[in-house]
Amino acid sequence: MFKNKILIIIVVLLCFSAVSVVNAEETVLRYWTFSDFGTGDLLALQQVFIDEFLKDHPGYRVEVSAMGDDELLSSLTTAAMSGTMPDLFVNTTRNGALFVSIDAMINIYDLWMAKPEEYRANFDPATVAVMTPEDNTMWALPYTGFSQFMYRNLDVLEAAGIDPNEEISDMEVWADHMKKISEAGFYGTYSYHTDWWNFLSIYSSFAEKSDWGIDFSQNISLLNPEKLVKTVEFLKKIAPYSTQLKRGEQGAIDLFTTNKLAYYPDGPWADIAFRKVEGLNYDFALIPGGTSSQHGGVGGLEMLCVGNTDNWEVAWELASYLVDTPQMARWAEIDARYLGNMTAMKTAADRGDKMLAITEKATPYIIYNQTPFFEKAYPGNYYAPLLEYLDMAMNDEVDLLDGAIEARDLMTESIKEEYE
Amino acid sequence: MKINLKRNYKHYLMLTPFFLMFIVFFVYPIIYGIYTSFYKWDGIHIPEFVGLDNYSKVLNARTTKLAYKNIINYVLITVPIGMIVSFILAIIIQAMPRKWGNFFKSAYFLPSVIPLYLAASVWKWILAADVGLVNVLFSKIGLQQVAWLTDPKYMLYSLIIVDVWVSAGFNMIIMIAGINDIPESLYDAAKVDGANKFQEIINITIPQLIPTLFFTTTWGFISALQVFEAPWILTGSTYMSYGGNRNALLFPVMDMLGKGFGSLKFGQAAAYGVILAFVILFFTSIQFLINKKIKK
């Protein structure tokens, strides 16, 4: 009996040591990404890419972890603090300065330049320029992106007697449409004034690209008070025709999918939920602008970074494989959003993908969410004075222009507090 | 009380794992937090000693003043309401037949075991504008809809509703245990003297329950001062923008987290934490003093 016990213990120990030998031979590459990229069809597709890559790179294993925006940001921050960065990670360029400040990723400039010209020529030069904020410094590979447009519920438009083929020339016409929609018993759109991102969707219709973001050379907010006032006047006008719910709230999505809300400006990710709803009759349109030659919308870019780890060489190889044309062309087949790899995006555009077409149309007009991308991190709760002003303005508790100037000055104050 | 190490060393040895964990996960973070509060530190680069600069920045920041104003309002409303609701529930359940009492005890306790983020998410749906259950019911009975989660006039009360819903069951169980400990002879004597149920509650139950009420109130204060998950979820906060409309639900822990992970000012975040710890200590000490006076 005693002998048997000893034998079992030896066998168990041998098994464990065998497992550790196998593990010791295998290097794990950790790859962190957004939850919409790391789940469902996109995860399955990326797993195919990874398997293909691993065929030529035996001895490696790739662990993909998908997280929500805030969770990914805090996980990357704590990983950088504890020296346990993932080998590869996806994030938005608006966090770029934050990651640079904590040495989260390596400078890939030399690696990028070492790639053949025909490889580099596939990528959008403007996006490459964004990732290369100064000479000899490139922080990430161009990955995906978005240019905001609006989803239109065609059944609601029809019920309100609005012809969807008639182009909405400017915000005045758009407000008139929403009035009609409201009179027919539907909601025109969602609420924009309680969230800075949603506010930017409309502000971008009146403002120029230079009216948003921070000028770190002078530490000032670039918010334009006059354009802010125009935005507020429009928001006040459409408030009676809108739901109080905001973009992304389940209630607002439900209103759109149950034919109760007409216009839902958002990014390509919203389409994942919409296209699953049977019978939902919708299309895409540009967000109208303050004038007929203008349009609105928020833009953003996602980047693929090589973490500051010992495995950076193989991580770079994997990253450059993932964004290469054959892989991104397959990506474009299931997710028609802006791709940093222009050649791959063109394959989707060539097959007449409507969402990609509207994205391309919207791109010249959008304002990037949080520029400049790789210079300095924004102060915490930077948008609080803006949101406070918006709420006061919507409730007639402040002079529109004076309040707008004060909000801009408070935002500037927070930048100065941070950097002076 | 003498510590006889020679005689009791085995007992102390058995307590060692706990003390090791306690030192690593409790004492060390506190000391390190205090140490960090005197440094400018982004979590990566070498910390730079800045003396009391972090404290001065935190105390003078606009958001800190707002966060403390909000937390005082919140604590002063939510703790008494929470206690009253829990007490009423405890009294009602205690008076019920055993079978029904057990059923309602479990039902009211259930929210306490639901993760707070889940409870807050459910309430976010219930209180949502236009399509939320409460607003739909309001519309059905002809009342005007309320922007529970975006109108600064109502946002604090929405949070209090969630908080009371979550914590009342837990406090109720503790109060029931306290009520069960009250000698039955006191109630018998009161009955002989002709006291009605209300007089029994006022003259016997409440005075006898003071130690329990003190515990639940103190615990309520400490938890309320650290409120975070529910307002964060109800306002859809992110590290870049938190606290909801007009910062109506901005609280110290949220601001501390924003300073830490939103702008990588871990020194200021640590100073924020130290200040908050002293505030909690101050309120708790006052409660102990009041309790001592009541006992006297």
# chains A, B, ... in the order shown; residues from 1 in each chain; ligands from 1

$ interface_residues --of "chain B" --to "chain A" --cutoff "7 Å" --atoms "only C-alpha atoms" --output "list in words"
Gly43, Ile44, Ala129, Asp130, Val131, Thr238, Tyr239, Met240, Ser241, Tyr242, Asn245, Arg246, Gly258, Lys259, Phe261, Gly262 and Ser263 of chain B

$ select_by_dssp --residues "segment 88-330 of chain A" --states "alpha helix (DSSP H)" --output "ChimeraX atom specification"
/A:96-101,109-114,117-120,125-131,154-159,171-183,196-206,225-238,250-257,270-274,312-322,325-330

$ atom_distance --atom1 "atom CA of Phe374 of chain A" --atom2 "atom CA of Val90 of chain A"
15.1 Å

$ select_by_dssp --residues "segment 242-362 of chain A" --states "strand (DSSP E)" --output "VMD selection string"
chain A and resid 263 to 266 282 to 285 287 to 288 295 to 296 298 to 306 338 to 339

$ write_last_selection --atoms "N, CA, C and O atoms" --output "PDB file, in the first residue's frame"
ATOM      1  N   TYR A 263     -32.767  59.184 -36.150  1.00  0.00           N
ATOM      2  CA  TYR A 263     -31.353  59.401 -36.479  1.00  0.00           C
ATOM      3  C   TYR A 263     -30.461  58.985 -35.307  1.00  0.00           C
ATOM      4  O   TYR A 263     -30.633  59.474 -34.200  1.00  0.00           O
ATOM      5  N   TYR A 264     -29.487  58.124 -35.600  1.00  0.00           N
ATOM      6  CA  TYR A 264     -28.603  57.621 -34.551  1.00  0.00           C
ATOM      7  C   TYR A 264     -27.139  57.737 -35.019  1.00  0.00           C
ATOM      8  O   TYR A 264     -26.582  56.797 -35.588  1.00  0.00           O
ATOM      9  N   PRO A 265     -26.529  58.913 -34.829  1.00  0.00           N
ATOM     10  CA  PRO A 265     -25.113  59.041 -35.220  1.00  0.00           C
ATOM     11  C   PRO A 265     -24.207  58.175 -34.337  1.00  0.00           C
ATOM     12  O   PRO A 265     -24.333  58.201 -33.115  1.00  0.00           O
ATOM     13  N   ASP A 266     -23.351  57.407 -34.957  1.00  0.00           N
ATOM     14  CA  ASP A 266     -22.413  56.565 -34.178  1.00  0.00           C
ATOM     15  C   ASP A 266     -21.336  56.009 -35.110  1.00  0.00           C
ATOM     16  O   ASP A 266     -21.313  56.311 -36.303  1.00  0.00           O
ATOM     17  N   TYR A 282     -32.803  50.226 -42.265  1.00  0.00           N
ATOM     18  CA  TYR A 282     -31.984  51.410 -41.988  1.00  0.00           C
ATOM     19  C   TYR A 282     -30.909  51.579 -43.049  1.00  0.00           C
ATOM     20  O   TYR A 282     -30.594  50.660 -43.805  1.00  0.00           O
ATOM     21  N   ASP A 283     -30.375  52.806 -43.089  1.00  0.00           N
ATOM     22  CA  ASP A 283     -29.222  53.035 -43.963  1.00  0.00           C
ATOM     23  C   ASP A 283     -28.272  54.018 -43.287  1.00  0.00           C
ATOM     24  O   ASP A 283     -28.428  54.314 -42.092  1.00  0.00           O
ATOM     25  N   PHE A 284     -27.298  54.499 -44.045  1.00  0.00           N
ATOM     26  CA  PHE A 284     -26.292  55.398 -43.467  1.00  0.00           C
ATOM     27  C   PHE A 284     -26.329  56.734 -44.203  1.00  0.00           C
ATOM     28  O   PHE A 284     -26.588  56.780 -45.410  1.00  0.00           O
ATOM     29  N   ALA A 285     -26.047  57.811 -43.466  1.00  0.00           N
ATOM     30  CA  ALA A 285     -25.969  59.137 -44.095  1.00  0.00           C
ATOM     31  C   ALA A 285     -24.937  59.974 -43.353  1.00  0.00           C
ATOM     32  O   ALA A 285     -24.575  59.657 -42.205  1.00  0.00           O
ATOM     33  N   ILE A 287     -23.574  63.131 -41.260  1.00  0.00           N
ATOM     34  CA  ILE A 287     -24.164  64.063 -40.286  1.00  0.00           C
ATOM     35  C   ILE A 287     -24.152  65.438 -40.961  1.00  0.00           C
ATOM     36  O   ILE A 287     -23.115  65.867 -41.475  1.00  0.00           O
ATOM     37  N   PRO A 288     -25.307  66.124 -40.976  1.00  0.00           N
ATOM     38  CA  PRO A 288     -25.327  67.427 -41.668  1.00  0.00           C
ATOM     39  C   PRO A 288     -24.380  68.435 -41.020  1.00  0.00           C
ATOM     40  O   PRO A 288     -23.935  68.251 -39.876  1.00  0.00           O
ATOM     41  N   HIS A 295     -20.018  69.060 -43.062  1.00  0.00           N
ATOM     42  CA  HIS A 295     -20.647  67.902 -42.417  1.00  0.00           C
ATOM     43  C   HIS A 295     -20.002  67.717 -41.057  1.00  0.00           C
ATOM     44  O   HIS A 295     -18.906  68.235 -40.822  1.00  0.00           O
ATOM     45  N   GLY A 296     -20.668  66.969 -40.193  1.00  0.00           N
ATOM     46  CA  GLY A 296     -20.114  66.771 -38.852  1.00  0.00           C
ATOM     47  C   GLY A 296     -19.628  65.352 -38.643  1.00  0.00           C
ATOM     48  O   GLY A 296     -19.672  64.524 -39.551  1.00  0.00           O
ATOM     49  N   VAL A 298     -17.374  62.669 -35.454  1.00  0.00           N
ATOM     50  CA  VAL A 298     -16.154  62.452 -34.669  1.00  0.00           C
ATOM     51  C   VAL A 298     -15.330  61.394 -35.383  1.00  0.00           C
ATOM     52  O   VAL A 298     -15.889  60.457 -35.958  1.00  0.00           O
ATOM     53  N   GLY A 299     -14.030  61.527 -35.346  1.00  0.00           N
ATOM     54  CA  GLY A 299     -13.162  60.515 -35.930  1.00  0.00           C
ATOM     55  C   GLY A 299     -12.185  59.981 -34.903  1.00  0.00           C
ATOM     56  O   GLY A 299     -11.890  60.642 -33.902  1.00  0.00           O
ATOM     57  N   GLY A 300     -11.716  58.783 -35.139  1.00  0.00           N
ATOM     58  CA  GLY A 300     -10.725  58.212 -34.226  1.00  0.00           C
ATOM     59  C   GLY A 300      -9.925  57.135 -34.928  1.00  0.00           C
ATOM     60  O   GLY A 300     -10.330  56.615 -35.973  1.00  0.00           O
ATOM     61  N   LEU A 301      -8.783  56.838 -34.353  1.00  0.00           N
ATOM     62  CA  LEU A 301      -7.909  55.804 -34.938  1.00  0.00           C
ATOM     63  C   LEU A 301      -7.525  54.798 -33.862  1.00  0.00           C
ATOM     64  O   LEU A 301      -7.289  55.184 -32.711  1.00  0.00           O
ATOM     65  N   GLU A 302      -7.464  53.543 -34.256  1.00  0.00           N
ATOM     66  CA  GLU A 302      -6.944  52.530 -33.339  1.00  0.00           C
ATOM     67  C   GLU A 302      -5.568  52.103 -33.843  1.00  0.00           C
ATOM     68  O   GLU A 302      -5.333  52.068 -35.059  1.00  0.00           O
ATOM     69  N   MET A 303      -4.694  51.829 -32.910  1.00  0.00           N
ATOM     70  CA  MET A 303      -3.312  51.511 -33.283  1.00  0.00           C
ATOM     71  C   MET A 303      -2.918  50.152 -32.707  1.00  0.00           C
ATOM     72  O   MET A 303      -3.467  49.709 -31.700  1.00  0.00           O
ATOM     73  N   LEU A 304      -1.960  49.528 -33.365  1.00  0.00           N
ATOM     74  CA  LEU A 304      -1.428  48.248 -32.877  1.00  0.00           C
ATOM     75  C   LEU A 304      -0.010  48.516 -32.385  1.00  0.00           C
ATOM     76  O   LEU A 304       0.866  48.901 -33.176  1.00  0.00           O
ATOM     77  N   CYS A 305       0.203  48.353 -31.087  1.00  0.00           N
ATOM     78  CA  CYS A 305       1.495  48.716 -30.481  1.00  0.00           C
ATOM     79  C   CYS A 305       2.280  47.469 -30.105  1.00  0.00           C
ATOM     80  O   CYS A 305       1.714  46.447 -29.720  1.00  0.00           O
ATOM     81  N   VAL A 306       3.591  47.587 -30.185  1.00  0.00           N
ATOM     82  CA  VAL A 306       4.482  46.513 -29.733  1.00  0.00           C
ATOM     83  C   VAL A 306       4.928  46.892 -28.325  1.00  0.00           C
ATOM     84  O   VAL A 306       5.556  47.940 -28.127  1.00  0.00           O
ATOM     85  N   TYR A 338     -12.955  51.762 -41.358  1.00  0.00           N
ATOM     86  CA  TYR A 338     -11.721  52.326 -41.904  1.00  0.00           C
ATOM     87  C   TYR A 338     -10.549  51.432 -41.497  1.00  0.00           C
ATOM     88  O   TYR A 338     -10.449  51.001 -40.340  1.00  0.00           O
ATOM     89  N   LEU A 339      -9.658  51.154 -42.421  1.00  0.00           N
ATOM     90  CA  LEU A 339      -8.457  50.367 -42.119  1.00  0.00           C
ATOM     91  C   LEU A 339      -7.229  51.186 -42.489  1.00  0.00           C
ATOM     92  O   LEU A 339      -7.214  51.844 -43.535  1.00  0.00           O
TER      93      LEU A 339
END

$ residues_around --residues "segment 133-135 of chain A" --least-positions-apart "3" --cutoff "10 Å" --atoms "only C-alpha atoms" --output "PyMOL selection string"
chain A and resi 109+128-130+138-139+372-375

$ residues_around --residues "Ile108 of chain A" --least-positions-apart "5" --cutoff "10 Å" --atoms "only C-alpha atoms" --output "number ranges by chain"
A: 113-114, 131-132, 136-141, 305-306, 312, 316

$ closest_residue --among "B:Phe221, B:Tyr272, B:Tyr28, B:Phe38" --to "Met83 of chain B" --atoms "only C-alpha atoms"
B:Phe221

$ atom_distance --atom1 "atom CA of Val192 of chain B" --atom2 "atom CA of Ile204 of chain B"
13.8 Å

$ residues_around --residues "Val323 of chain A" --least-positions-apart "3" --cutoff "7 Å" --atoms "only C-alpha atoms" --output "PyMOL selection string"
chain A and resi 143+319-320+327-328+341

$ residues_around --residues "segment 291-294 of chain A" --least-positions-apart "4" --cutoff "10 Å" --atoms "only C-alpha atoms" --output "PDB file with all heavy atoms, in the first residue's frame"
ATOM      1  N   GLU A 167     -31.500  64.924 -49.817  1.00  0.00           N
ATOM      2  CA  GLU A 167     -30.326  65.168 -48.962  1.00  0.00           C
ATOM      3  C   GLU A 167     -30.623  66.254 -47.920  1.00  0.00           C
ATOM      4  O   GLU A 167     -31.297  67.239 -48.220  1.00  0.00           O
ATOM      5  CB  GLU A 167     -29.131  65.585 -49.816  1.00  0.00           C
ATOM      6  CG  GLU A 167     -27.811  65.289 -49.099  1.00  0.00           C
ATOM      7  CD  GLU A 167     -26.613  65.558 -49.991  1.00  0.00           C
ATOM      8  OE1 GLU A 167     -26.687  65.217 -51.190  1.00  0.00           O
ATOM      9  OE2 GLU A 167     -25.632  66.099 -49.482  1.00  0.00           O
ATOM     10  N   ILE A 168     -30.111  66.061 -46.721  1.00  0.00           N
ATOM     11  CA  ILE A 168     -30.298  67.069 -45.664  1.00  0.00           C
ATOM     12  C   ILE A 168     -29.193  68.106 -45.872  1.00  0.00           C
ATOM     13  O   ILE A 168     -28.020  67.839 -45.604  1.00  0.00           O
ATOM     14  CB  ILE A 168     -30.198  66.438 -44.263  1.00  0.00           C
ATOM     15  CG1 ILE A 168     -31.147  65.244 -44.137  1.00  0.00           C
ATOM     16  CG2 ILE A 168     -30.466  67.465 -43.187  1.00  0.00           C
ATOM     17  CD1 ILE A 168     -30.917  64.387 -42.914  1.00  0.00           C
ATOM     18  N   SER A 169     -29.574  69.289 -46.350  1.00  0.00           N
ATOM     19  CA  SER A 169     -28.540  70.250 -46.760  1.00  0.00           C
ATOM     20  C   SER A 169     -27.806  70.883 -45.587  1.00  0.00           C
ATOM     21  O   SER A 169     -26.614  71.145 -45.667  1.00  0.00           O
ATOM     22  CB  SER A 169     -29.160  71.337 -47.634  1.00  0.00           C
ATOM     23  OG  SER A 169     -30.238  71.915 -46.950  1.00  0.00           O
ATOM     24  N   ASP A 170     -28.482  71.159 -44.510  1.00  0.00           N
ATOM     25  CA  ASP A 170     -27.792  71.740 -43.345  1.00  0.00           C
ATOM     26  C   ASP A 170     -28.567  71.449 -42.057  1.00  0.00           C
ATOM     27  O   ASP A 170     -29.590  70.754 -42.080  1.00  0.00           O
ATOM     28  CB  ASP A 170     -27.571  73.247 -43.531  1.00  0.00           C
ATOM     29  CG  ASP A 170     -28.871  73.999 -43.742  1.00  0.00           C
ATOM     30  OD1 ASP A 170     -29.904  73.546 -43.203  1.00  0.00           O
ATOM     31  OD2 ASP A 170     -28.865  75.018 -44.448  1.00  0.00           O
ATOM     32  N   MET A 171     -28.093  72.010 -40.966  1.00  0.00           N
ATOM     33  CA  MET A 171     -28.664  71.692 -39.653  1.00  0.00           C
ATOM     34  C   MET A 171     -30.108  72.215 -39.528  1.00  0.00           C
ATOM     35  O   MET A 171     -30.907  71.624 -38.802  1.00  0.00           O
ATOM     36  CB  MET A 171     -27.808  72.300 -38.531  1.00  0.00           C
ATOM     37  CG  MET A 171     -26.371  71.816 -38.515  1.00  0.00           C
ATOM     38  SD  MET A 171     -26.223  70.035 -38.355  1.00  0.00           S
ATOM     39  CE  MET A 171     -25.917  69.836 -36.624  1.00  0.00           C
ATOM     40  N   GLU A 172     -30.407  73.315 -40.200  1.00  0.00           N
ATOM     41  CA  GLU A 172     -31.767  73.874 -40.145  1.00  0.00           C
ATOM     42  C   GLU A 172     -32.766  72.859 -40.710  1.00  0.00           C
ATOM     43  O   GLU A 172     -33.808  72.591 -40.121  1.00  0.00           O
ATOM     44  CB  GLU A 172     -31.842  75.177 -40.953  1.00  0.00           C
ATOM     45  CG  GLU A 172     -31.100  76.349 -40.319  1.00  0.00           C
ATOM     46  CD  GLU A 172     -31.650  76.684 -38.941  1.00  0.00           C
ATOM     47  OE1 GLU A 172     -32.879  76.760 -38.795  1.00  0.00           O
ATOM     48  OE2 GLU A 172     -30.834  76.830 -37.998  1.00  0.00           O
ATOM     49  N   SER A 204     -18.817  69.463 -34.279  1.00  0.00           N
ATOM     50  CA  SER A 204     -17.997  69.292 -35.494  1.00  0.00           C
ATOM     51  C   SER A 204     -18.745  69.780 -36.745  1.00  0.00           C
ATOM     52  O   SER A 204     -18.119  70.064 -37.764  1.00  0.00           O
ATOM     53  CB  SER A 204     -17.613  67.819 -35.667  1.00  0.00           C
ATOM     54  OG  SER A 204     -18.776  67.024 -35.632  1.00  0.00           O
ATOM     55  N   SER A 205     -20.075  69.879 -36.647  1.00  0.00           N
ATOM     56  CA  SER A 205     -20.855  70.373 -37.788  1.00  0.00           C
ATOM     57  C   SER A 205     -20.677  71.874 -37.970  1.00  0.00           C
ATOM     58  O   SER A 205     -20.887  72.409 -39.052  1.00  0.00           O
ATOM     59  CB  SER A 205     -22.346  70.090 -37.578  1.00  0.00           C
ATOM     60  OG  SER A 205     -22.558  68.706 -37.559  1.00  0.00           O
ATOM     61  N   PHE A 206     -20.327  72.557 -36.904  1.00  0.00           N
ATOM     62  CA  PHE A 206     -20.184  74.019 -36.960  1.00  0.00           C
ATOM     63  C   PHE A 206     -18.719  74.456 -36.913  1.00  0.00           C
ATOM     64  O   PHE A 206     -18.391  75.558 -37.333  1.00  0.00           O
ATOM     65  CB  PHE A 206     -20.916  74.663 -35.771  1.00  0.00           C
ATOM     66  CG  PHE A 206     -22.394  74.417 -35.774  1.00  0.00           C
ATOM     67  CD1 PHE A 206     -22.962  73.420 -35.004  1.00  0.00           C
ATOM     68  CD2 PHE A 206     -23.228  75.187 -36.583  1.00  0.00           C
ATOM     69  CE1 PHE A 206     -24.326  73.192 -35.004  1.00  0.00           C
ATOM     70  CE2 PHE A 206     -24.601  74.969 -36.592  1.00  0.00           C
ATOM     71  CZ  PHE A 206     -25.148  73.968 -35.802  1.00  0.00           C
ATOM     72  N   ALA A 207     -17.868  73.590 -36.339  1.00  0.00           N
ATOM     73  CA  ALA A 207     -16.490  74.010 -36.062  1.00  0.00           C
ATOM     74  C   ALA A 207     -15.499  73.477 -37.101  1.00  0.00           C
ATOM     75  O   ALA A 207     -15.817  72.582 -37.880  1.00  0.00           O
ATOM     76  CB  ALA A 207     -16.095  73.516 -34.682  1.00  0.00           C
ATOM     77  N   GLU A 208     -14.311  74.066 -37.069  1.00  0.00           N
ATOM     78  CA  GLU A 208     -13.209  73.573 -37.908  1.00  0.00           C
ATOM     79  C   GLU A 208     -12.365  72.622 -37.047  1.00  0.00           C
ATOM     80  O   GLU A 208     -12.484  72.613 -35.831  1.00  0.00           O
ATOM     81  CB  GLU A 208     -12.327  74.742 -38.355  1.00  0.00           C
ATOM     82  CG  GLU A 208     -13.061  75.875 -39.046  1.00  0.00           C
ATOM     83  CD  GLU A 208     -13.695  75.432 -40.347  1.00  0.00           C
ATOM     84  OE1 GLU A 208     -13.075  74.605 -41.049  1.00  0.00           O
ATOM     85  OE2 GLU A 208     -14.827  75.877 -40.649  1.00  0.00           O
ATOM     86  N   LEU A 286     -24.472  61.028 -44.000  1.00  0.00           N
ATOM     87  CA  LEU A 286     -23.521  61.911 -43.336  1.00  0.00           C
ATOM     88  C   LEU A 286     -24.261  62.770 -42.316  1.00  0.00           C
ATOM     89  O   LEU A 286     -25.432  63.104 -42.511  1.00  0.00           O
ATOM     90  CB  LEU A 286     -22.853  62.829 -44.363  1.00  0.00           C
ATOM     91  CG  LEU A 286     -21.915  62.167 -45.370  1.00  0.00           C
ATOM     92  CD1 LEU A 286     -21.351  63.218 -46.323  1.00  0.00           C
ATOM     93  CD2 LEU A 286     -20.771  61.442 -44.670  1.00  0.00           C
ATOM     94  N   ILE A 287     -23.574  63.131 -41.260  1.00  0.00           N
ATOM     95  CA  ILE A 287     -24.164  64.063 -40.286  1.00  0.00           C
ATOM     96  C   ILE A 287     -24.152  65.438 -40.961  1.00  0.00           C
ATOM     97  O   ILE A 287     -23.115  65.867 -41.475  1.00  0.00           O
ATOM     98  CB  ILE A 287     -23.342  64.075 -38.975  1.00  0.00           C
ATOM     99  CG1 ILE A 287     -23.378  62.692 -38.314  1.00  0.00           C
ATOM    100  CG2 ILE A 287     -23.852  65.150 -38.020  1.00  0.00           C
ATOM    101  CD1 ILE A 287     -22.441  62.529 -37.142  1.00  0.00           C
ATOM    102  N   PRO A 364     -13.252  63.365 -44.671  1.00  0.00           N
ATOM    103  CA  PRO A 364     -12.712  64.733 -44.790  1.00  0.00           C
ATOM    104  C   PRO A 364     -13.322  65.718 -43.785  1.00  0.00           C
ATOM    105  O   PRO A 364     -12.730  66.751 -43.514  1.00  0.00           O
ATOM    106  CB  PRO A 364     -13.091  65.136 -46.225  1.00  0.00           C
ATOM    107  CG  PRO A 364     -13.462  63.890 -46.919  1.00  0.00           C
ATOM    108  CD  PRO A 364     -13.931  62.940 -45.897  1.00  0.00           C
ATOM    109  N   TYR A 365     -14.511  65.398 -43.270  1.00  0.00           N
ATOM    110  CA  TYR A 365     -15.214  66.367 -42.426  1.00  0.00           C
ATOM    111  C   TYR A 365     -15.010  66.136 -40.930  1.00  0.00           C
ATOM    112  O   TYR A 365     -15.247  67.047 -40.134  1.00  0.00           O
ATOM    113  CB  TYR A 365     -16.719  66.308 -42.715  1.00  0.00           C
ATOM    114  CG  TYR A 365     -17.058  66.525 -44.162  1.00  0.00           C
ATOM    115  CD1 TYR A 365     -17.442  65.461 -44.973  1.00  0.00           C
ATOM    116  CD2 TYR A 365     -16.977  67.797 -44.732  1.00  0.00           C
ATOM    117  CE1 TYR A 365     -17.743  65.653 -46.311  1.00  0.00           C
ATOM    118  CE2 TYR A 365     -17.273  67.994 -46.072  1.00  0.00           C
ATOM    119  CZ  TYR A 365     -17.653  66.919 -46.863  1.00  0.00           C
ATOM    120  OH  TYR A 365     -17.946  67.117 -48.167  1.00  0.00           O
ATOM    121  N   ILE A 366     -14.626  64.930 -40.538  1.00  0.00           N
ATOM    122  CA  ILE A 366     -14.624  64.604 -39.107  1.00  0.00           C
ATOM    123  C   ILE A 366     -13.554  65.398 -38.337  1.00  0.00           C
ATOM    124  O   ILE A 366     -12.577  65.858 -38.907  1.00  0.00           O
ATOM    125  CB  ILE A 366     -14.417  63.088 -38.854  1.00  0.00           C
ATOM    126  CG1 ILE A 366     -13.173  62.562 -39.600  1.00  0.00           C
ATOM    127  CG2 ILE A 366     -15.622  62.283 -39.233  1.00  0.00           C
ATOM    128  CD1 ILE A 366     -11.978  62.417 -38.792  1.00  0.00           C
TER     129      ILE A 366
END

$ residues_around --residues "Val253 of chain B" --least-positions-apart "4" --cutoff "9 Å" --atoms "only C-alpha atoms" --output "PDB file with N, CA, C and O atoms, in the first residue's frame"
ATOM      1  N   ALA B  67     -16.404  67.217  -4.891  1.00  0.00           N
ATOM      2  CA  ALA B  67     -16.536  65.820  -4.458  1.00  0.00           C
ATOM      3  C   ALA B  67     -16.896  65.754  -2.973  1.00  0.00           C
ATOM      4  O   ALA B  67     -17.753  64.957  -2.571  1.00  0.00           O
ATOM      5  N   LEU B 225     -18.832  56.887   2.658  1.00  0.00           N
ATOM      6  CA  LEU B 225     -17.740  57.815   2.350  1.00  0.00           C
ATOM      7  C   LEU B 225     -16.836  57.273   1.234  1.00  0.00           C
ATOM      8  O   LEU B 225     -16.089  58.016   0.615  1.00  0.00           O
ATOM      9  N   GLN B 226     -16.910  55.962   1.022  1.00  0.00           N
ATOM     10  CA  GLN B 226     -16.071  55.367  -0.032  1.00  0.00           C
ATOM     11  C   GLN B 226     -16.880  55.011  -1.281  1.00  0.00           C
ATOM     12  O   GLN B 226     -16.435  54.213  -2.102  1.00  0.00           O
ATOM     13  N   VAL B 227     -18.081  55.582  -1.408  1.00  0.00           N
ATOM     14  CA  VAL B 227     -18.958  55.209  -2.520  1.00  0.00           C
ATOM     15  C   VAL B 227     -18.240  55.400  -3.857  1.00  0.00           C
ATOM     16  O   VAL B 227     -17.548  56.393  -4.068  1.00  0.00           O
ATOM     17  N   PHE B 228     -18.386  54.402  -4.736  1.00  0.00           N
ATOM     18  CA  PHE B 228     -17.691  54.499  -6.021  1.00  0.00           C
ATOM     19  C   PHE B 228     -18.445  53.806  -7.162  1.00  0.00           C
ATOM     20  O   PHE B 228     -18.857  54.453  -8.127  1.00  0.00           O
ATOM     21  N   LEU B 257      -9.467  57.997  -8.273  1.00  0.00           N
ATOM     22  CA  LEU B 257      -9.175  57.040  -9.344  1.00  0.00           C
ATOM     23  C   LEU B 257      -8.875  57.767 -10.659  1.00  0.00           C
ATOM     24  O   LEU B 257      -7.963  57.389 -11.402  1.00  0.00           O
ATOM     25  N   GLY B 258      -9.637  58.826 -10.912  1.00  0.00           N
ATOM     26  CA  GLY B 258      -9.410  59.620 -12.123  1.00  0.00           C
ATOM     27  C   GLY B 258      -8.022  60.228 -12.126  1.00  0.00           C
ATOM     28  O   GLY B 258      -7.337  60.232 -13.144  1.00  0.00           O
ATOM     29  N   TYR B 272      -4.858  62.100  -1.933  1.00  0.00           N
ATOM     30  CA  TYR B 272      -6.331  62.088  -1.876  1.00  0.00           C
ATOM     31  C   TYR B 272      -6.792  60.978  -0.929  1.00  0.00           C
ATOM     32  O   TYR B 272      -7.672  61.168  -0.087  1.00  0.00           O
ATOM     33  N   GLY B 273      -6.161  59.812  -1.085  1.00  0.00           N
ATOM     34  CA  GLY B 273      -6.511  58.651  -0.262  1.00  0.00           C
ATOM     35  C   GLY B 273      -6.221  58.902   1.208  1.00  0.00           C
ATOM     36  O   GLY B 273      -7.028  58.545   2.078  1.00  0.00           O
ATOM     37  N   LEU B 276      -8.784  61.263   2.576  1.00  0.00           N
ATOM     38  CA  LEU B 276     -10.061  60.559   2.739  1.00  0.00           C
ATOM     39  C   LEU B 276     -10.028  59.662   3.974  1.00  0.00           C
ATOM     40  O   LEU B 276     -11.004  59.590   4.730  1.00  0.00           O
TER      41      LEU B 276
END
